[in-house]
Amino acid sequence: MTQRFITLLFMVMVGLTLQAQSGNPDVPNAQPGKCYAKCLIGDTYETTTEQVMVRPASKRVNVVPAQYTTSTEQKLKREGSTTLVPVPAQFETSTEQVLVRDASTNLVVKPAQWETASEQVKTKDASTSLVAVPAKFETVTEKTLVKDAYTKLTVVPARYETVSEQVMTKAAYQELVVVPAKYETVTEKVLVKDASTTIQIVPAEYETATEQVLTKEASTRIESVPAKYETMTESVETTPASTRWVKKQADRNCLSADPNDCLVWCLENVPAQYTTITKQVRKGCDAGYQDNGESCTKTVDVPATYSTRTYQKLKSPATTRSVDVAAQYETRTYSKLVSPATTTTREVPAQYATRTYQKLVSPATTTSVEVPAEYSNRTYQKLVSPATTTTVEVPAQYETRTVTKLKSPATTESVSVPAEYKTRTVQKVKAPASSTSQDVAAQYETVTMSKVSSPATTTTVDVPAEYKTITKKRLVKPGGFTEWREIVCGSKVTSELVISVQRALKAAGYDPGPQDNVLGSQTKSALVKYQKDKGLPIGQLDMQTLKSLGIEQ
């Protein structure tokens, strides 16, 4: 049958080829200006969904735990006893003056008094200076002589040398230096607090006793664990078996010059598609548990709970004992005069300063320089009176020097320094230490116990079955044949149309490759896959495919 179908298909293709060669294809309802092509029509499916039960309905047992009431009672924690409270000794405070430093005499130095005197000291001798008086000229215009010859006087300034000498700025004198008094440090012990007796408490002794106290009564509890299930898998058909046309290599014995006219179409079987469903199948409960529908339960005995209570039991009462407290002393340190203050005389030498001034060595003079006459055809200066010099007196220079002169010598006077005392505080016993008896009440603690008010129970809850949604495909119309369909004419396959197709395929989840306005192999593969998935004619850029992509043409 397959061979007959291939032969029939070959004959149909040959007939289509002859029609194409004759230029008169049989296109129903063809319209001028539109293009048509034979497109492969694929199988048409419809998608249906159904619910598959993966876990049956069951019942679940919920455990309601037992309820308890809390009761409290007082338990002895520590027995009553008597304690002794110490009454400390009482002291009174007395104060007294204690010598810290002996009285003495200090010598206070009154410094010498000075007065300041000013005098004029010559720093530069008087001298004379020659000042040049320039020559006078008048302007004469001649053709030859421009300027007469004249003599130019150059001033040679006076020369000085620097002389230094020592000048007394402060006369020598004597000053009194105080030699301070000498002291020695004396240390002695002074009573601060009298000796006394204190009462020391020997506390009562206790021993620790323990006992068992009920904190929770015995009861029962219900344990619930999930039932055991076994996982099973089942294959469910989602797409039935079908056939599809596949274009094969051209027959080498084909007589047509166009290889596309010699392609062979073969009808191949497409196997059915299945999906695997996982189901939970109930197996039961473990040993010792009771099956209550969904859950497995068993009753467990809960033993009573006890706690260990510890309390203090009196072993021996409190007592007292007397303790002697020694007297307290402090070390007192003070300064004792050994030798009084005195004075001694010290020579203070005079003070000098170096004075520097300028001393005249040679007075200022002049030298004559002959300047020759100048000739040219220009205006020149004619000498009216030659240059001369005048002598100017330069007075001597003085500076004011300040000298400190002794007005009255240094003296001393004796100043009495009184003895120093400090106040010392002494503690004296007013009443000795004692003790008093005081009752200590017994101590109790609160013990809390839990009692069962209602035992644990169970409740049953219906658990609905679980389902899984499965999508199936059902063949509505078989394909595998070709039909004339309107396609986009070659002149209208523009770059704008191609980029629109690439964008629409990308938005629909099909990869057309780079959006480069070129209807390349990757874009064609994505278009064919889209046509197959949507049940559209396959292999051409037809109008039905463009409409499905949302592209107006």
# chains A, B, ... in the order shown; residues from 1 in each chain; ligands from 1
call {"tool": "closest_atom_pairs", "arguments": {"of": "stretch 166-248 of chain A", "to": "stretch 302-318 of chain A", "cutoff": "10 Å", "atoms": "only C-alpha atoms", "output": "CSV"}}
result
residue,atom,partner,partner_atom,distance
A:Ile201,CA,A:Ala318,CA,7.3
A:Val202,CA,A:Ala318,CA,5.7
A:Pro203,CA,A:Ala318,CA,4.5
A:Ala204,CA,A:Ala318,CA,3.8
A:Glu205,CA,A:Ser316,CA,5.1
A:Tyr206,CA,A:Leu314,CA,4.4
A:Glu207,CA,A:Lys313,CA,5.2
A:Thr208,CA,A:Gln312,CA,4.8
A:Ala209,CA,A:Tyr311,CA,5.5
A:Thr210,CA,A:Thr310,CA,4.4
A:Glu211,CA,A:Arg309,CA,5.4
A:Gln212,CA,A:Thr308,CA,4.7
A:Val213,CA,A:Ser307,CA,5.3
A:Leu214,CA,A:Tyr306,CA,4.5
A:Thr215,CA,A:Tyr306,CA,5.2
A:Lys216,CA,A:Thr305,CA,4.9
A:Glu217,CA,A:Ala304,CA,4.5
A:Ala218,CA,A:Ala304,CA,3.8
A:Ser219,CA,A:Val302,CA,5.0
A:Thr220,CA,A:Val302,CA,5.0
A:Arg221,CA,A:Val302,CA,6.7
call {"tool": "write_last_selection", "arguments": {"atoms": "C-alpha atoms", "output": "PDB file, in the first residue's frame"}}
result
ATOM      1  CA  ILE A 201      28.131  36.320 115.650  1.00  0.00           C
ATOM      2  CA  VAL A 202      28.573  32.616 114.983  1.00  0.00           C
ATOM      3  CA  PRO A 203      25.653  31.943 112.543  1.00  0.00           C
ATOM      4  CA  ALA A 204      23.247  29.067 112.905  1.00  0.00           C
ATOM      5  CA  GLU A 205      24.096  25.883 110.982  1.00  0.00           C
ATOM      6  CA  TYR A 206      21.645  24.150 108.623  1.00  0.00           C
ATOM      7  CA  GLU A 207      21.681  20.830 106.842  1.00  0.00           C
ATOM      8  CA  THR A 208      20.073  20.158 103.464  1.00  0.00           C
ATOM      9  CA  ALA A 209      17.142  17.695 103.344  1.00  0.00           C
ATOM     10  CA  THR A 210      15.480  16.416 100.137  1.00  0.00           C
ATOM     11  CA  GLU A 211      12.104  14.777  99.382  1.00  0.00           C
ATOM     12  CA  GLN A 212      10.107  13.701  96.323  1.00  0.00           C
ATOM     13  CA  VAL A 213       7.115  15.901  95.396  1.00  0.00           C
ATOM     14  CA  LEU A 214       4.429  14.916  92.840  1.00  0.00           C
ATOM     15  CA  THR A 215       4.310  17.529  90.042  1.00  0.00           C
ATOM     16  CA  LYS A 216       2.081  15.727  87.465  1.00  0.00           C
ATOM     17  CA  GLU A 217      -0.288  12.783  87.797  1.00  0.00           C
ATOM     18  CA  ALA A 218      -0.042   9.668  85.638  1.00  0.00           C
ATOM     19  CA  SER A 219      -2.109   9.811  82.402  1.00  0.00           C
ATOM     20  CA  THR A 220      -2.344   8.466  78.855  1.00  0.00           C
ATOM     21  CA  ARG A 221      -1.697  10.067  75.499  1.00  0.00           C
TER      22      ARG A 221
END
call {"tool": "residues_around", "arguments": {"residues": "stretch 239-243 of chain A", "least_positions_apart": "3", "cutoff": "9 Å", "atoms": "only C-alpha atoms", "output": "PyMOL selection string"}}
result
chain A and resi 43+267-274+471-475+478-480
call {"tool": "closest_atom_pairs", "arguments": {"of": "stretch 29-138 of chain A", "to": "stretch 325-336 of chain A", "cutoff": "10 Å", "atoms": "only C-alpha atoms", "output": "Markdown table"}}
result
| residue | atom | partner | partner_atom | distance |
| --- | --- | --- | --- | --- |
| A:Val98 | CA | A:Arg332 | CA | 8.9 |
| A:Leu99 | CA | A:Tyr334 | CA | 7.3 |
| A:Val100 | CA | A:Tyr334 | CA | 4.4 |
| A:Arg101 | CA | A:Ser335 | CA | 4.8 |
| A:Asp102 | CA | A:Lys336 | CA | 5.6 |
| A:Ala103 | CA | A:Lys336 | CA | 8.8 |
| A:Ser104 | CA | A:Lys336 | CA | 9.5 |
call {"tool": "write_last_selection", "arguments": {"atoms": "N, CA and C atoms", "output": "short mmCIF file (atom, residue, chain, number, x, y, z; two decimals), in the first residue's frame"}}
result
data_model
loop_
_atom_site.label_atom_id
_atom_site.label_comp_id
_atom_site.auth_asym_id
_atom_site.auth_seq_id
_atom_site.Cartn_x
_atom_site.Cartn_y
_atom_site.Cartn_z
N VAL A 98 47.90 69.29 117.76
CA VAL A 98 49.19 68.59 117.74
C VAL A 98 50.18 69.45 116.96
N LEU A 99 51.42 69.66 117.55
CA LEU A 99 52.46 70.45 116.91
C LEU A 99 52.95 69.76 115.65
N VAL A 100 52.96 70.50 114.54
CA VAL A 100 53.46 69.97 113.28
C VAL A 100 54.84 70.55 112.95
N ARG A 101 55.03 71.88 113.33
CA ARG A 101 56.31 72.53 113.01
C ARG A 101 56.56 73.60 114.06
N ASP A 102 57.85 73.61 114.58
CA ASP A 102 58.21 74.60 115.60
C ASP A 102 58.16 76.02 115.02
N ALA A 103 57.97 76.99 115.94
CA ALA A 103 58.07 78.39 115.54
C ALA A 103 59.53 78.71 115.18
N SER A 104 59.77 79.70 114.27
CA SER A 104 61.12 80.04 113.83
C SER A 104 61.10 81.47 113.31
#
call {"tool": "closest_atom_pairs", "arguments": {"of": "stretch 78-129 of chain A", "to": "stretch 392-398 of chain A", "cutoff": "6 Å", "atoms": "only C-alpha atoms", "output": "Markdown table"}}
result
| residue | atom | partner | partner_atom | distance |
| --- | --- | --- | --- | --- |
| A:Val121 | CA | A:Tyr398 | CA | 5.3 |
| A:Lys122 | CA | A:Tyr398 | CA | 4.1 |
| A:Thr123 | CA | A:Tyr398 | CA | 5.1 |
| A:Lys124 | CA | A:Gln397 | CA | 4.7 |
| A:Asp125 | CA | A:Ala396 | CA | 4.4 |
| A:Ala126 | CA | A:Ala396 | CA | 3.7 |
| A:Ser127 | CA | A:Val394 | CA | 5.0 |
| A:Thr128 | CA | A:Glu393 | CA | 4.4 |
| A:Ser129 | CA | A:Val392 | CA | 5.0 |
call {"tool": "closest_residue", "arguments": {"among": "A:Thr425, A:Thr297, A:Thr411, A:Asn106", "to": "A:Thr459", "atoms": "only C-alpha atoms"}}
result
A:Thr297
call {"tool": "closest_residue", "arguments": {"among": "A:Thr402, A:Gln515, A:Ser295, A:Thr342", "to": "A:Val178", "atoms": "only C-alpha atoms"}}
result
A:Thr342
call {"tool": "atom_distance", "arguments": {"atom1": "atom CA of A:Lys529", "atom2": "atom CA of A:Pro512"}}
result
10.5 Å
call {"tool": "atom_distance", "arguments": {"atom1": "atom CA of A:Lys38", "atom2": "atom CA of A:Cys489"}}
result
13.6 Å
call {"tool": "atom_distance", "arguments": {"atom1": "atom CA of A:Gln502", "atom2": "atom CA of A:Gly535"}}
result
19.2 Å
call {"tool": "select_by_dssp", "arguments": {"residues": "stretch 383-469 of chain A", "states": "strand (DSSP E)", "output": "ChimeraX atom specification"}}
result
/A:383-385,388-394,397-408,411-417,420-431,434-440,443-454,457-463,466-469
call {"tool": "write_last_selection", "arguments": {"atoms": "C-alpha atoms", "output": "mmCIF file, in the first residue's frame"}}
result
data_model
loop_
_atom_site.group_PDB
_atom_site.id
_atom_site.type_symbol
_atom_site.label_atom_id
_atom_site.label_comp_id
_atom_site.auth_asym_id
_atom_site.auth_seq_id
_atom_site.Cartn_x
_atom_site.Cartn_y
_atom_site.Cartn_z
ATOM 1 C CA LEU A 383 79.940 125.955 28.965
ATOM 2 C CA VAL A 384 78.882 129.086 30.815
ATOM 3 C CA SER A 385 80.430 128.360 34.193
ATOM 4 C CA THR A 388 82.843 123.591 41.308
ATOM 5 C CA THR A 389 82.581 122.102 44.793
ATOM 6 C CA THR A 390 81.407 123.392 48.120
ATOM 7 C CA THR A 391 82.436 122.090 51.542
ATOM 8 C CA VAL A 392 79.588 120.913 53.798
ATOM 9 C CA GLU A 393 80.176 120.380 57.509
ATOM 10 C CA VAL A 394 79.093 116.869 58.695
ATOM 11 C CA GLN A 397 77.096 111.515 65.723
ATOM 12 C CA TYR A 398 76.083 110.643 69.279
ATOM 13 C CA GLU A 399 73.923 107.940 70.900
ATOM 14 C CA THR A 400 72.176 107.911 74.235
ATOM 15 C CA ARG A 401 73.633 105.339 76.692
ATOM 16 C CA THR A 402 71.633 104.250 79.751
ATOM 17 C CA VAL A 403 73.636 103.358 82.905
ATOM 18 C CA THR A 404 72.163 101.794 86.081
ATOM 19 C CA LYS A 405 73.643 103.316 89.309
ATOM 20 C CA LEU A 406 73.288 101.924 92.843
ATOM 21 C CA LYS A 407 70.889 104.041 94.914
ATOM 22 C CA SER A 408 70.671 101.998 98.145
ATOM 23 C CA THR A 411 69.317 94.823 103.416
ATOM 24 C CA THR A 412 67.507 92.105 105.401
ATOM 25 C CA GLU A 413 64.741 92.078 107.972
ATOM 26 C CA SER A 414 63.755 89.332 110.428
ATOM 27 C CA VAL A 415 60.191 87.921 110.082
ATOM 28 C CA SER A 416 58.752 85.591 112.762
ATOM 29 C CA VAL A 417 57.253 82.310 111.455
ATOM 30 C CA GLU A 420 52.190 74.999 112.845
ATOM 31 C CA TYR A 421 49.548 72.762 114.430
ATOM 32 C CA LYS A 422 46.921 70.344 113.103
ATOM 33 C CA THR A 423 43.743 68.996 114.656
ATOM 34 C CA ARG A 424 43.889 65.273 115.597
ATOM 35 C CA THR A 425 40.645 63.290 116.109
ATOM 36 C CA VAL A 426 40.699 60.429 118.650
ATOM 37 C CA GLN A 427 37.985 57.704 119.069
ATOM 38 C CA LYS A 428 37.217 56.756 122.712
ATOM 39 C CA VAL A 429 34.947 53.872 123.807
ATOM 40 C CA LYS A 430 31.627 55.158 125.152
ATOM 41 C CA ALA A 431 29.714 51.808 125.374
ATOM 42 C CA SER A 434 26.861 43.595 122.753
ATOM 43 C CA SER A 435 24.225 41.463 120.956
ATOM 44 C CA THR A 436 20.423 41.053 120.829
ATOM 45 C CA SER A 437 18.301 37.976 119.993
ATOM 46 C CA GLN A 438 15.965 38.120 116.959
ATOM 47 C CA ASP A 439 13.512 35.435 115.746
ATOM 48 C CA VAL A 440 13.834 34.242 112.132
ATOM 49 C CA GLN A 443 10.429 29.904 104.986
ATOM 50 C CA TYR A 444 7.977 28.201 102.634
ATOM 51 C CA GLU A 445 7.938 27.637 98.885
ATOM 52 C CA THR A 446 5.004 27.172 96.506
ATOM 53 C CA VAL A 447 4.845 23.759 94.738
ATOM 54 C CA THR A 448 2.749 23.478 91.556
ATOM 55 C CA MET A 449 1.154 20.145 90.488
ATOM 56 C CA SER A 450 -0.777 19.213 87.315
ATOM 57 C CA LYS A 451 -3.876 16.982 87.540
ATOM 58 C CA VAL A 452 -5.741 15.376 84.614
ATOM 59 C CA SER A 453 -9.146 17.067 84.134
ATOM 60 C CA SER A 454 -10.050 15.291 80.857
ATOM 61 C CA THR A 457 -9.437 11.855 72.719
ATOM 62 C CA THR A 458 -9.492 11.730 68.910
ATOM 63 C CA THR A 459 -11.649 13.283 66.161
ATOM 64 C CA THR A 460 -12.041 12.048 62.575
ATOM 65 C CA VAL A 461 -11.721 14.482 59.644
ATOM 66 C CA ASP A 462 -12.568 13.624 56.018
ATOM 67 C CA VAL A 463 -9.577 14.099 53.675
ATOM 68 C CA GLU A 466 -6.227 14.384 45.274
ATOM 69 C CA TYR A 467 -6.360 14.835 41.492
ATOM 70 C CA LYS A 468 -3.918 15.864 38.801
ATOM 71 C CA THR A 469 -4.891 17.653 35.591
#
